[in-house]
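Q: I'd like to ask you about the structure that follows.
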Amino acid sequence: MKKLFFIFVLTGLFSCGDYIDKPKNLLSKDQMADVLADLAINDQATFIYPNSNLEAGTRYVLKQHNIKSEDFIASFKYYVVKEQMQGIAEDAQKAVLEKDPKADQYVKDKKNKPGELQPPPVLSR
């Protein structure tokens with residue numbers, strides 16, 4: 001009986017693997033941060049120009065970085081599952097602040113107001 005229990009425990013340990021396989025066209029963390037920064041700027045442009053097309057802007061950003069949408073989505077899912085998205089989002093925020101220093105005060109104001117910032121969404125299986 002002990003041997004059978006030991007075999008089940010070993011089988012359970014070795015069967016545990018990654019929840020998600022590494023995509024073959026995985027974007028680097030720096031590249032992902034740059035794309036997220038440009039997408040955030042594109043998203044804010046829709047508030048300034050309400051009749052603009054968000055989807056066309058997203059396609060333009062991906063084309064500018066020479067990235068297929070499938071590769072971006074697969075990389076995004078991979079980094080979320082691996083719990084590395086928080087660091088990438090912080091790098092993207094730094095990139096946005098480098099591109100637009102005036103945004104720094106806006107971000108600080110939003111951080112000081114409780115309840116304004118929401119955590120990133122969690123992807124469910």
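Just remember, in the structure tokens the first chain shown is A, the second B, etc., residues are 1-based per chain, and ligands are 1-based in the order shown.
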Name the residues in contact with Gln31 (chain A) at a cut-off of 10 Å, using only C-alpha atoms, excluding same-chain residues fewer than 6 positions from it; report them as JSON, numbers by chain.
A: {"A": [37, 65, 67, 88, 92]}
Q: Separation of CA of Gly87 (chain A) and CA of Ile20 (chain A), in Å?
A: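 Atom-to-atom, CA of Gly87 (chain A) to CA of Ile20 (chain A), that is 19.1 Å.
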Q: What does the structure give for the distance between CA of Tyr78 (chain A) and CA of Asp30 (chain A), in Å to one decimal?
A: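 Computing the Euclidean distance for CA of Tyr78 (chain A) and CA of Asp30 (chain A) yields 14.7 Å.
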Q: Distance CA of Thr58 (chain A)-CA of Glu70 (chain A), one decimal place?
A: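 Rounded to one decimal, the two atoms are 12.9 Å apart.
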Q: Find the residues around Leu27 (chain A) up to 12 Å (only C-alpha atoms counted), leave out those fewer than 6 positions away in its own chain, and share them as a ChimeraX atom specification.
A: /A:33-36,62,65-79,88
